[in-house]
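Next comes run.cif, with mmCIF, C-alpha atoms.
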```cif
data_entry
loop_
_atom_site.group_PDB
_atom_site.id
_atom_site.type_symbol
_atom_site.label_atom_id
_atom_site.label_comp_id
_atom_site.auth_asym_id
_atom_site.auth_seq_id
_atom_site.Cartn_x
_atom_site.Cartn_y
_atom_site.Cartn_z
ATOM 1 C CA MET S 226 95.188 64.511 1.948
ATOM 2 C CA ILE S 227 95.593 65.715 5.516
ATOM 3 C CA GLN S 228 98.669 67.656 4.408
ATOM 4 C CA GLN S 229 96.558 70.194 2.584
ATOM 5 C CA TYR S 230 95.184 71.435 5.908
ATOM 6 C CA ALA S 231 98.702 72.422 6.856
ATOM 7 C CA ASN S 232 97.994 75.523 4.847
ATOM 8 C CA PRO S 233 96.833 78.217 7.314
ATOM 9 C CA ALA S 234 94.250 79.731 4.982
ATOM 10 C CA ARG S 235 92.686 76.340 4.328
ATOM 11 C CA PHE S 236 92.756 75.444 7.993
ATOM 12 C CA ASN S 237 91.049 78.719 8.881
ATOM 13 C CA ARG S 238 88.327 78.092 6.321
ATOM 14 C CA LEU S 239 87.768 74.568 7.626
ATOM 15 C CA ALA S 240 87.790 75.770 11.231
ATOM 16 C CA ALA S 241 85.295 78.532 10.446
ATOM 17 C CA THR S 242 82.983 75.977 8.816
ATOM 18 C CA LEU S 243 83.251 73.483 11.669
ATOM 19 C CA MET S 244 83.154 75.915 14.578
ATOM 20 C CA PRO S 245 79.368 76.508 14.710
ATOM 21 C CA TRP S 246 78.778 72.755 14.425
ATOM 22 C CA PHE S 247 80.818 72.256 17.586
ATOM 23 C CA ALA S 248 80.022 75.366 19.587
ATOM 24 C CA TRP S 249 76.218 75.467 19.388
ATOM 25 C CA PRO S 250 75.547 71.764 20.045
ATOM 26 C CA ALA S 251 78.082 71.955 22.901
ATOM 27 C CA GLY S 252 76.097 74.748 24.561
ATOM 28 C CA VAL S 253 72.764 73.012 24.015
ATOM 29 C CA LEU S 254 73.956 69.595 25.196
ATOM 30 C CA ILE S 255 75.632 70.977 28.305
ATOM 31 C CA ALA S 256 72.470 72.945 29.155
ATOM 32 C CA VAL S 257 70.271 69.857 28.651
ATOM 33 C CA GLY S 258 72.759 67.717 30.570
ATOM 34 C CA LEU S 259 72.786 70.182 33.472
ATOM 35 C CA TYR S 260 68.995 70.206 33.604
ATOM 36 C CA PHE S 261 68.902 66.418 33.813
ATOM 37 C CA ALA S 262 71.819 66.270 36.217
ATOM 38 C CA LEU S 263 70.386 68.767 38.674
ATOM 39 C CA PHE S 264 66.616 68.357 38.361
ATOM 40 C CA ASN S 265 65.599 65.316 36.405
ATOM 41 C CA SER S 266 67.720 62.432 37.598
ATOM 42 C CA PRO S 267 67.133 60.352 40.712
ATOM 43 C CA PRO S 268 69.288 60.552 43.846
ATOM 44 C CA ASP S 269 71.472 57.486 44.333
ATOM 45 C CA TYR S 270 70.205 54.840 46.755
ATOM 46 C CA GLN S 271 73.496 54.937 48.652
ATOM 47 C CA GLN S 272 74.939 58.344 47.956
ATOM 48 C CA GLY S 273 71.787 60.463 47.865
ATOM 49 C CA ASP S 274 72.094 63.773 46.059
ATOM 50 C CA THR S 275 75.889 63.896 46.066
ATOM 51 C CA VAL S 276 75.727 61.552 43.082
ATOM 52 C CA ARG S 277 74.878 64.684 41.080
ATOM 53 C CA ILE S 278 78.560 65.593 41.282
ATOM 54 C CA MET S 279 79.136 62.570 39.049
ATOM 55 C CA TYR S 280 77.624 64.393 36.046
ATOM 56 C CA VAL S 281 80.489 66.866 36.011
ATOM 57 C CA HIS S 282 83.186 64.742 37.639
ATOM 58 C CA VAL S 283 83.054 61.729 35.320
ATOM 59 C CA PRO S 284 82.838 63.638 31.995
ATOM 60 C CA SER S 285 85.765 65.817 33.168
ATOM 61 C CA ALA S 286 87.743 62.672 33.902
ATOM 62 C CA TRP S 287 86.904 61.277 30.447
ATOM 63 C CA MET S 288 88.026 64.547 28.889
ATOM 64 C CA ALA S 289 91.216 64.639 30.934
ATOM 65 C CA LEU S 290 92.179 61.277 29.404
ATOM 66 C CA PHE S 291 90.769 61.987 25.939
ATOM 67 C CA VAL S 292 92.546 65.340 25.613
ATOM 68 C CA TYR S 293 95.828 63.848 26.827
ATOM 69 C CA THR S 294 95.501 61.017 24.301
ATOM 70 C CA SER S 295 94.835 63.501 21.505
ATOM 71 C CA MET S 296 97.846 65.511 22.665
ATOM 72 C CA ALA S 297 100.116 62.458 22.669
ATOM 73 C CA ILE S 298 98.917 61.474 19.173
ATOM 74 C CA SER S 299 99.413 65.016 17.828
ATOM 75 C CA SER S 300 102.859 65.104 19.388
ATOM 76 C CA ALA S 301 103.789 61.781 17.755
ATOM 77 C CA VAL S 302 102.471 62.991 14.384
ATOM 78 C CA GLY S 303 104.443 66.204 14.844
ATOM 79 C CA LEU S 304 107.665 64.374 15.620
ATOM 80 C CA ILE S 305 107.354 61.647 12.982
ATOM 81 C CA TRP S 306 105.668 63.297 10.009
ATOM 82 C CA LYS S 307 106.494 66.897 10.907
ATOM 83 C CA HIS S 308 102.980 67.972 10.119
ATOM 84 C CA PRO S 309 102.989 71.705 10.871
ATOM 85 C CA LEU S 310 99.592 71.672 12.585
ATOM 86 C CA ALA S 311 100.327 68.720 14.857
ATOM 87 C CA HIS S 312 102.442 70.505 17.477
ATOM 88 C CA LEU S 313 100.079 73.443 17.274
ATOM 89 C CA SER S 314 97.157 71.169 18.082
ATOM 90 C CA ALA S 315 98.966 69.646 21.075
ATOM 91 C CA GLN S 316 99.913 73.108 22.283
ATOM 92 C CA ALA S 317 96.320 74.329 21.929
ATOM 93 C CA ALA S 318 94.912 71.258 23.686
ATOM 94 C CA ALA S 319 97.183 71.261 26.758
ATOM 95 C CA PRO S 320 95.533 74.090 28.750
ATOM 96 C CA ILE S 321 92.076 72.665 27.993
ATOM 97 C CA GLY S 322 93.151 69.241 29.240
ATOM 98 C CA ALA S 323 94.752 70.783 32.311
ATOM 99 C CA CYS S 324 91.486 72.581 33.110
ATOM 100 C CA PHE S 325 89.463 69.380 32.742
ATOM 101 C CA THR S 326 91.902 67.504 34.965
ATOM 102 C CA PHE S 327 91.793 70.270 37.561
ATOM 103 C CA VAL S 328 87.976 70.215 37.519
ATOM 104 C CA CYS S 329 88.027 66.425 37.811
ATOM 105 C CA LEU S 330 90.295 66.558 40.873
ATOM 106 C CA LEU S 331 88.347 69.376 42.491
ATOM 107 C CA THR S 332 84.887 67.854 41.994
ATOM 108 C CA GLY S 333 86.256 64.475 43.064
ATOM 109 C CA SER S 334 87.498 66.048 46.261
ATOM 110 C CA LEU S 335 84.118 67.692 46.836
ATOM 111 C CA TRP S 336 82.486 64.318 46.309
ATOM 112 C CA GLY S 337 85.011 62.462 48.447
ATOM 113 C CA LYS S 338 84.550 64.615 51.544
ATOM 114 C CA PRO S 339 80.847 63.795 52.127
ATOM 115 C CA MET S 340 81.053 60.187 50.855
ATOM 116 C CA TRP S 341 84.477 58.958 51.943
ATOM 117 C CA GLY S 342 84.979 61.397 54.796
ATOM 118 C CA THR S 343 88.158 62.783 53.286
ATOM 119 C CA TRP S 344 89.086 65.381 50.679
ATOM 120 C CA TRP S 345 92.033 63.368 49.427
ATOM 121 C CA VAL S 346 93.691 59.972 49.733
ATOM 122 C CA TRP S 347 96.880 58.832 48.080
ATOM 123 C CA ASP S 348 95.247 55.894 46.357
ATOM 124 C CA ALA S 349 96.321 54.777 42.895
ATOM 125 C CA ARG S 350 93.492 56.445 40.971
ATOM 126 C CA LEU S 351 93.740 59.824 42.648
ATOM 127 C CA THR S 352 97.520 59.875 42.565
ATOM 128 C CA SER S 353 97.732 58.896 38.883
ATOM 129 C CA VAL S 354 95.244 61.638 37.952
ATOM 130 C CA LEU S 355 97.290 64.152 39.934
ATOM 131 C CA ILE S 356 100.327 63.020 37.931
ATOM 132 C CA LEU S 357 98.294 63.584 34.749
ATOM 133 C CA PHE S 358 97.665 67.149 35.903
ATOM 134 C CA PHE S 359 101.394 67.671 36.462
ATOM 135 C CA LEU S 360 102.115 66.179 33.029
ATOM 136 C CA TYR S 361 99.866 68.820 31.476
ATOM 137 C CA LEU S 362 101.606 71.574 33.447
ATOM 138 C CA GLY S 363 105.015 70.134 32.594
ATOM 139 C CA PHE S 364 104.102 70.025 28.909
ATOM 140 C CA MET S 365 103.122 73.694 28.935
ATOM 141 C CA ALA S 366 106.180 74.743 30.928
ATOM 142 C CA LEU S 367 108.600 72.786 28.741
ATOM 143 C CA GLN S 368 107.123 74.244 25.592
ATOM 144 C CA ASN S 369 107.940 77.761 26.730
ATOM 145 C CA ALA S 370 111.268 76.893 28.303
ATOM 146 C CA PHE S 371 113.394 77.396 25.170
ATOM 147 C CA ASP S 372 114.255 80.487 23.158
ATOM 148 C CA ASP S 373 113.741 78.455 20.009
ATOM 149 C CA PRO S 374 110.027 77.535 19.831
ATOM 150 C CA ALA S 375 110.826 74.501 17.666
ATOM 151 C CA ARG S 376 113.010 73.007 20.411
ATOM 152 C CA GLY S 377 110.324 73.642 23.006
ATOM 153 C CA GLU S 378 107.797 71.976 20.731
ATOM 154 C CA ARG S 379 109.941 68.880 20.296
ATOM 155 C CA SER S 380 110.842 68.536 23.972
ATOM 156 C CA ALA S 381 107.226 68.939 25.063
ATOM 157 C CA ALA S 382 106.145 66.410 22.429
ATOM 158 C CA ILE S 383 108.584 63.841 23.812
ATOM 159 C CA LEU S 384 107.245 64.461 27.331
ATOM 160 C CA ALA S 385 103.663 64.031 26.082
ATOM 161 C CA ILE S 386 104.512 60.702 24.442
ATOM 162 C CA ILE S 387 106.398 59.331 27.435
ATOM 163 C CA GLY S 388 103.664 60.532 29.767
ATOM 164 C CA PHE S 389 101.064 58.618 27.776
ATOM 165 C CA ILE S 390 102.026 55.531 29.797
ATOM 166 C CA ASN S 391 100.032 57.157 32.601
ATOM 167 C CA VAL S 392 96.750 56.970 30.639
ATOM 168 C CA PRO S 393 96.248 53.173 30.834
ATOM 169 C CA ILE S 394 97.554 53.309 34.404
ATOM 170 C CA ILE S 395 94.750 55.716 35.295
ATOM 171 C CA LYS S 396 92.146 53.625 33.499
ATOM 172 C CA PHE S 397 93.140 50.347 35.134
ATOM 173 C CA SER S 398 94.372 51.702 38.472
ATOM 174 C CA VAL S 399 91.042 50.774 40.083
ATOM 175 C CA ASP S 400 91.502 47.147 38.958
ATOM 176 C CA TRP S 401 95.224 46.769 39.572
ATOM 177 C CA TRP S 402 95.299 48.271 43.028
ATOM 178 C CA ASN S 403 92.994 48.385 45.989
ATOM 179 C CA THR S 404 91.648 51.886 45.681
ATOM 180 C CA LEU S 405 89.186 53.873 47.688
ATOM 181 C CA HIS S 406 87.969 55.131 44.332
ATOM 182 C CA GLN S 407 85.247 52.890 42.953
ATOM 183 C CA PRO S 408 85.897 50.772 39.846
ATOM 184 C CA ALA S 409 84.456 51.614 36.419
ATOM 185 C CA SER S 410 80.695 51.446 36.092
ATOM 186 C CA VAL S 411 80.194 52.777 32.558
ATOM 187 C CA VAL S 412 83.017 51.530 30.339
ATOM 188 C CA LYS S 413 83.357 47.883 31.262
ATOM 189 C CA ILE S 414 83.201 44.585 29.444
ATOM 190 C CA SER S 415 79.942 43.412 30.987
ATOM 191 C CA GLY S 416 78.191 46.627 29.952
ATOM 192 C CA PRO S 417 77.364 49.658 32.067
ATOM 193 C CA ALA S 418 76.304 48.929 35.650
ATOM 194 C CA ILE S 419 74.353 52.123 35.921
ATOM 195 C CA HIS S 420 70.707 52.901 35.252
ATOM 196 C CA SER S 421 69.720 54.755 32.075
ATOM 197 C CA SER S 422 68.213 57.591 34.145
ATOM 198 C CA MET S 423 71.787 58.381 35.192
ATOM 199 C CA LEU S 424 73.618 57.091 32.139
ATOM 200 C CA ILE S 425 71.793 59.338 29.662
ATOM 201 C CA PRO S 426 72.567 62.657 31.407
ATOM 202 C CA LEU S 427 76.126 61.419 31.879
ATOM 203 C CA PHE S 428 76.535 60.793 28.161
ATOM 204 C CA VAL S 429 74.827 64.061 27.235
ATOM 205 C CA MET S 430 77.353 65.897 29.402
ATOM 206 C CA GLY S 431 80.183 63.798 27.983
ATOM 207 C CA VAL S 432 79.291 64.633 24.379
ATOM 208 C CA GLY S 433 78.738 68.286 25.348
ATOM 209 C CA PHE S 434 82.186 68.482 26.948
ATOM 210 C CA THR S 435 83.761 66.802 23.898
ATOM 211 C CA LEU S 436 82.194 69.338 21.528
ATOM 212 C CA TYR S 437 83.234 72.180 23.849
ATOM 213 C CA PHE S 438 86.784 70.842 23.623
ATOM 214 C CA CYS S 439 86.638 70.636 19.800
ATOM 215 C CA ALA S 440 85.353 74.206 19.453
ATOM 216 C CA LEU S 441 87.910 75.573 21.900
ATOM 217 C CA LEU S 442 90.718 73.585 20.274
ATOM 218 C CA LEU S 443 89.990 75.161 16.870
ATOM 219 C CA LEU S 444 89.768 78.610 18.433
ATOM 220 C CA ARG S 445 93.069 78.205 20.257
ATOM 221 C CA MET S 446 94.801 76.739 17.188
ATOM 222 C CA LYS S 447 93.685 79.760 15.196
ATOM 223 C CA THR S 448 95.099 82.030 17.906
ATOM 224 C CA LEU S 449 98.425 80.188 17.904
ATOM 225 C CA MET S 450 98.637 80.496 14.120
ATOM 226 C CA LEU S 451 97.994 84.223 14.323
ATOM 227 C CA ALA S 452 100.599 84.531 17.078
ATOM 228 C CA ARG S 453 103.108 82.708 14.885
ATOM 229 C CA ARG S 454 102.262 85.034 12.021
ATOM 230 C CA ALA S 455 102.666 88.073 14.266
ATOM 231 C CA ARG S 456 106.072 86.784 15.389
ATOM 232 C CA GLY S 457 107.163 86.261 11.796
ATOM 233 C CA MET S 458 105.948 89.680 10.719
ATOM 234 C CA SER S 459 107.559 91.576 13.572
ATOM 235 C CA MET S 460 110.825 89.781 12.876
ATOM 236 C CA ALA S 461 110.575 90.666 9.196
ATOM 237 C CA GLN S 462 109.928 94.283 10.119
ATOM 238 C CA LEU S 463 112.941 94.310 12.413
ATOM 239 C CA HIS S 464 115.094 92.949 9.600
ATOM 240 C CA GLN S 465 113.733 95.566 7.277
ATOM 241 C CA GLN S 466 114.462 98.317 9.764
ATOM 242 C CA ALA S 467 117.952 96.958 10.314
ATOM 243 C CA SER S 468 118.718 96.895 6.602
ATOM 244 C CA GLU S 469 117.501 100.448 6.006
ATOM 245 C CA MET E 297 62.444 67.859 63.910
ATOM 246 C CA GLN E 298 62.850 65.184 61.266
ATOM 247 C CA MET E 299 62.099 67.742 58.578
ATOM 248 C CA ILE E 300 64.720 70.104 59.926
ATOM 249 C CA SER E 301 67.389 67.410 60.102
ATOM 250 C CA ASP E 302 66.496 66.241 56.571
ATOM 251 C CA PHE E 303 66.809 69.780 55.360
ATOM 252 C CA LEU E 304 70.166 70.159 57.057
ATOM 253 C CA ALA E 305 71.380 66.869 55.595
ATOM 254 C CA ILE E 306 70.556 68.001 52.091
ATOM 255 C CA GLY E 307 71.829 71.433 52.946
ATOM 256 C CA GLY E 308 75.120 69.878 53.995
ATOM 257 C CA TYR E 309 75.361 68.092 50.657
ATOM 258 C CA SER E 310 74.133 70.987 48.592
ATOM 259 C CA GLY E 311 77.178 72.927 49.721
ATOM 260 C CA PHE E 312 79.389 70.308 48.078
ATOM 261 C CA ILE E 313 77.163 69.944 45.026
ATOM 262 C CA TRP E 314 76.848 73.655 44.304
ATOM 263 C CA THR E 315 80.535 74.257 44.908
ATOM 264 C CA ALA E 316 81.349 71.474 42.441
ATOM 265 C CA TYR E 317 79.022 72.858 39.755
ATOM 266 C CA GLY E 318 80.194 76.399 40.453
ATOM 267 C CA ALA E 319 83.837 75.375 40.062
ATOM 268 C CA VAL E 320 83.133 73.606 36.764
ATOM 269 C CA THR E 321 81.318 76.668 35.445
ATOM 270 C CA VAL E 322 84.032 79.091 36.543
ATOM 271 C CA VAL E 323 86.853 77.008 35.050
ATOM 272 C CA LEU E 324 85.193 76.124 31.725
ATOM 273 C CA VAL E 325 83.631 79.559 31.116
ATOM 274 C CA GLY E 326 86.817 81.237 32.326
ATOM 275 C CA LEU E 327 88.932 79.245 29.877
ATOM 276 C CA LEU E 328 86.543 80.168 27.072
ATOM 277 C CA ILE E 329 86.726 83.878 27.933
ATOM 278 C CA VAL E 330 90.521 83.839 28.232
ATOM 279 C CA SER E 331 90.797 82.022 24.879
ATOM 280 C CA LEU E 332 88.437 84.440 23.126
ATOM 281 C CA ARG E 333 90.270 87.440 24.554
ATOM 282 C CA LYS E 334 93.623 86.033 23.457
ATOM 283 C CA LEU E 335 92.269 85.495 19.934
ATOM 284 C CA ARG E 336 91.073 89.090 19.844
ATOM 285 C CA THR E 337 94.350 90.607 21.056
ATOM 286 C CA THR E 338 96.410 88.425 18.709
ATOM 287 C CA SER E 339 94.201 89.350 15.742
ATOM 288 C CA ALA E 340 94.608 93.012 16.640
ATOM 289 C CA GLU E 341 98.368 92.535 16.860
ATOM 290 C CA VAL E 342 98.507 90.978 13.396
ATOM 291 C CA ALA E 343 96.289 93.731 11.999
ATOM 292 C CA ALA E 344 98.529 96.393 13.540
ATOM 293 C CA LEU E 345 101.652 94.759 12.110
ATOM 294 C CA GLU E 346 100.031 94.574 8.699
ATOM 295 C CA ALA E 347 99.065 98.245 8.839
ATOM 296 C CA ASN E 348 102.576 99.053 9.994
ATOM 297 C CA SER E 349 104.279 97.584 6.948
ATOM 298 C CA PRO E 350 102.756 99.262 3.899
ATOM 299 C CA ARG E 351 105.834 98.379 1.859
ATOM 300 C CA ARG E 352 105.322 94.696 2.341
ATOM 301 C CA ARG E 353 103.841 93.212 -0.771
ATOM 302 C CA ARG E 354 100.779 91.878 0.920
ATOM 303 C CA ASN E 355 99.289 90.412 -2.246
ATOM 304 C CA ASN E 356 102.383 88.393 -2.708
ATOM 305 C CA THR E 357 102.204 86.858 0.774
ATOM 306 C CA ASP E 358 98.499 86.153 0.357
ATOM 307 C CA ASN E 359 99.219 84.262 -2.829
ATOM 308 C CA LYS E 360 101.902 82.306 -1.086
ATOM 309 C CA ASP E 361 99.418 81.350 1.635
ATOM 310 C CA ALA E 362 96.939 80.073 -0.888
ATOM 311 C CA THR E 363 99.282 77.975 -2.964
ATOM 312 C CA SER E 364 101.868 76.531 -0.605
#
```
Here is the file; what I need is its structure written in the form of structure tokens.
Amino acid sequence: MIQQYANPARFNRLAATLMPWFAWPAGVLIAVGLYFALFNSPPDYQQGDTVRIMYVHVPSAWMALFVYTSMAISSAVGLIWKHPLAHLSAQAAAPIGACFTFVCLLTGSLWGKPMWGTWWVWDARLTSVLILFFLYLGFMALQNAFDDPARGERSAAILAIIGFINVPIIKFSVDWWNTLHQPASVVKISGPAIHSSMLIPLFVMGVGFTLYFCALLLLRMKTLMLARRARGMSMAQLHQQASE
Amino acid sequence: MQMISDFLAIGGYSGFIWTAYGAVTVVLVGLLIVSLRKLRTTSAEVAALEANSPRRRRNNTDNKDATS
């Protein structure tokens, strides 16, 4: 059933239908989330107003992991079932994930300076997220490193799958090692250890970021398909010119 | 005096907070703009290639797209 969306025309129709359902709610949710985050949520009893950085830092971190996971799954689907859209989806997702990871590191640093007294420490959480960022960059570089796009696709897919080992390491780094970074307070077995006045804006931002990712993913996949088409057409034209 | 030091304390933090929010906005909006621009230029490229090859049986390729 999923195979039928391998057809570009069908995919474009589906993407065009879904796009407004992702894009508009993303804009609205992020706007609402920002309002709550900046104006309508309490300062933390220990961290004061710097806790407001959490509303962009934590959803970015979630997205960094979520996008990487989606990329690893697409890459596996691409390698195993050779679904034509799978590699395309991983390729379209990588820059978005890299941006989220970059934002996560940057906002974390801006939160760390006033609260920890340092921009950066080489603790397990921070280091593993930095490695995630390099995995994204490596994926993008590897993809473009070959003359044959199919080889680049396959090599990058293998990197994405191997690199997936880093995702659980990031998640559990705060439990396995003594980190300066605090342990999880939202996704934990005993339930969230965070008040709803902070949890709700956090989730609103999280859902907003996820929808932003979905809309952008479709847009970038469409672009990659068009680019592939353009490549095919210009090659066909060259052949035609050569045979004349 | 207390008021001034309070203000400075928040002011000291607001630098971090606004920089963080500014960076998020620049990166996420920037990525959106770059992606939209890339879509536009690639669409234009495809359109130009299509216009450039009048001898290509376009109907034929369209049919192939719809049935494969």
Write out as JSON lines the residues of chain S that have any atom within 9 Å of an atom of chain E, one row each with the nearest atom pair and its distance in Å to one decimal, counting all atoms listed in the file, sorted by chain and then rising number.
```
{"residue": "S:Gln229", "atom": "CA", "partner": "E:Ser364", "partner_atom": "CA", "distance": 8.9}
{"residue": "S:Asn232", "atom": "CA", "partner": "E:Ser364", "partner_atom": "CA", "distance": 6.8}
{"residue": "S:Pro233", "atom": "CA", "partner": "E:Asp361", "partner_atom": "CA", "distance": 7.0}
{"residue": "S:Ala234", "atom": "CA", "partner": "E:Asp361", "partner_atom": "CA", "distance": 6.4}
{"residue": "S:Arg235", "atom": "CA", "partner": "E:Ala362", "partner_atom": "CA", "distance": 7.7}
{"residue": "S:Gly273", "atom": "CA", "partner": "E:Ile306", "partner_atom": "CA", "distance": 8.7}
{"residue": "S:Asp274", "atom": "CA", "partner": "E:Tyr309", "partner_atom": "CA", "distance": 7.1}
{"residue": "S:Thr275", "atom": "CA", "partner": "E:Tyr309", "partner_atom": "CA", "distance": 6.2}
{"residue": "S:Val276", "atom": "CA", "partner": "E:Ile313", "partner_atom": "CA", "distance": 8.7}
{"residue": "S:Arg277", "atom": "CA", "partner": "E:Ile313", "partner_atom": "CA", "distance": 7.0}
{"residue": "S:Ile278", "atom": "CA", "partner": "E:Ile313", "partner_atom": "CA", "distance": 5.9}
{"residue": "S:Val281", "atom": "CA", "partner": "E:Tyr317", "partner_atom": "CA", "distance": 7.2}
{"residue": "S:His282", "atom": "CA", "partner": "E:Ala316", "partner_atom": "CA", "distance": 8.5}
{"residue": "S:Ser285", "atom": "CA", "partner": "E:Val320", "partner_atom": "CA", "distance": 9.0}
{"residue": "S:Pro320", "atom": "CA", "partner": "E:Leu327", "partner_atom": "CA", "distance": 8.5}
{"residue": "S:Ile321", "atom": "CA", "partner": "E:Leu327", "partner_atom": "CA", "distance": 7.5}
{"residue": "S:Cys324", "atom": "CA", "partner": "E:Val323", "partner_atom": "CA", "distance": 6.7}
{"residue": "S:Phe325", "atom": "CA", "partner": "E:Leu324", "partner_atom": "CA", "distance": 8.0}
{"residue": "S:Phe327", "atom": "CA", "partner": "E:Val323", "partner_atom": "CA", "distance": 8.7}
{"residue": "S:Val328", "atom": "CA", "partner": "E:Val320", "partner_atom": "CA", "distance": 6.0}
{"residue": "S:Cys329", "atom": "CA", "partner": "E:Val320", "partner_atom": "CA", "distance": 8.8}
{"residue": "S:Leu331", "atom": "CA", "partner": "E:Ala316", "partner_atom": "CA", "distance": 7.3}
{"residue": "S:Thr332", "atom": "CA", "partner": "E:Ala316", "partner_atom": "CA", "distance": 5.1}
{"residue": "S:Gly333", "atom": "CA", "partner": "E:Ala316", "partner_atom": "CA", "distance": 8.6}
{"residue": "S:Leu335", "atom": "CA", "partner": "E:Phe312", "partner_atom": "CA", "distance": 5.5}
{"residue": "S:Trp336", "atom": "CA", "partner": "E:Phe312", "partner_atom": "CA", "distance": 7.0}
{"residue": "S:Lys338", "atom": "CA", "partner": "E:Phe312", "partner_atom": "CA", "distance": 8.4}
{"residue": "S:Pro339", "atom": "CA", "partner": "E:Tyr309", "partner_atom": "CA", "distance": 7.1}
{"residue": "S:Leu441", "atom": "CA", "partner": "E:Leu328", "partner_atom": "CA", "distance": 7.1}
{"residue": "S:Leu444", "atom": "CA", "partner": "E:Ser331", "partner_atom": "CA", "distance": 7.4}
{"residue": "S:Arg445", "atom": "CA", "partner": "E:Ser331", "partner_atom": "CA", "distance": 6.4}
{"residue": "S:Lys447", "atom": "CA", "partner": "E:Leu335", "partner_atom": "CA", "distance": 7.6}
{"residue": "S:Thr448", "atom": "CA", "partner": "E:Leu335", "partner_atom": "CA", "distance": 4.9}
{"residue": "S:Leu449", "atom": "CA", "partner": "E:Leu335", "partner_atom": "CA", "distance": 8.4}
{"residue": "S:Leu451", "atom": "CA", "partner": "E:Thr338", "partner_atom": "CA", "distance": 6.3}
{"residue": "S:Ala452", "atom": "CA", "partner": "E:Thr338", "partner_atom": "CA", "distance": 5.9}
{"residue": "S:Arg454", "atom": "CA", "partner": "E:Val342", "partner_atom": "CA", "distance": 7.2}
{"residue": "S:Ala455", "atom": "CA", "partner": "E:Val342", "partner_atom": "CA", "distance": 5.1}
{"residue": "S:Arg456", "atom": "CA", "partner": "E:Val342", "partner_atom": "CA", "distance": 8.9}
{"residue": "S:Met458", "atom": "CA", "partner": "E:Leu345", "partner_atom": "CA", "distance": 6.8}
{"residue": "S:Ser459", "atom": "CA", "partner": "E:Leu345", "partner_atom": "CA", "distance": 6.9}
{"residue": "S:Gln462", "atom": "CA", "partner": "E:Ser349", "partner_atom": "CA", "distance": 7.3}
```
>> One decimal, in Å: what's the spacing between atom CA of S:Leu360 and atom CA of S:Trp402?
In response: 21.6 Å
> Could you pull the residues within 7 Å of S:Ser334, counting all atoms listed in the file, minus those fewer than 4 positions along the same chain, as a PyMOL selection string?
Replying inline: chain S and resi 330+338+344-345
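Going from atom CA of S:Glu469 to atom CA of S:Pro374 covers 27.8 Å.
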>> Once the PyMOL selection byres ((chain S and resi 368) around 9) has been evaluated on this model, what residues remain selected, and can you format them as number ranges by chain?
In response: S: 316, 363-367, 369-371, 374-382
>> With only C-alpha atoms as the counted atoms, please give the residues lying no more than 12 Å from S:Ser422, apart from itself and same-chain residues fewer than 6 positions off, as a PyMOL selection string.
In response: chain S and resi 258+261-262+264-269+277+280+428-429
Atoms to include: C-alpha atoms. Write the selected residues as an mmCIF file, in the frame of the given file.
```cif
data_model
loop_
_atom_site.group_PDB
_atom_site.id
_atom_site.type_symbol
_atom_site.label_atom_id
_atom_site.label_comp_id
_atom_site.auth_asym_id
_atom_site.auth_seq_id
_atom_site.Cartn_x
_atom_site.Cartn_y
_atom_site.Cartn_z
ATOM 1 C CA GLY S 258 72.759 67.717 30.570
ATOM 2 C CA PHE S 261 68.902 66.418 33.813
ATOM 3 C CA ALA S 262 71.819 66.270 36.217
ATOM 4 C CA PHE S 264 66.616 68.357 38.361
ATOM 5 C CA ASN S 265 65.599 65.316 36.405
ATOM 6 C CA SER S 266 67.720 62.432 37.598
ATOM 7 C CA PRO S 267 67.133 60.352 40.712
ATOM 8 C CA PRO S 268 69.288 60.552 43.846
ATOM 9 C CA ASP S 269 71.472 57.486 44.333
ATOM 10 C CA ARG S 277 74.878 64.684 41.080
ATOM 11 C CA TYR S 280 77.624 64.393 36.046
ATOM 12 C CA PHE S 428 76.535 60.793 28.161
ATOM 13 C CA VAL S 429 74.827 64.061 27.235
#
```
>> Can you measure atom CA of S:Ser314 to atom CA of S:Met430 for me? One decimal in Å is fine.
In response: 23.4 Å
>> On this structure, the PyMOL selection byres ((chain S and resi 288-305) around 9) would catch which residues? List them as number ranges by chain, sorted by chain and number.
In response: S: 283-287, 306-319, 321-327, 329, 354, 357-358, 361, 378-379, 381-389, 392, 395-396, 431, 434-435, 438
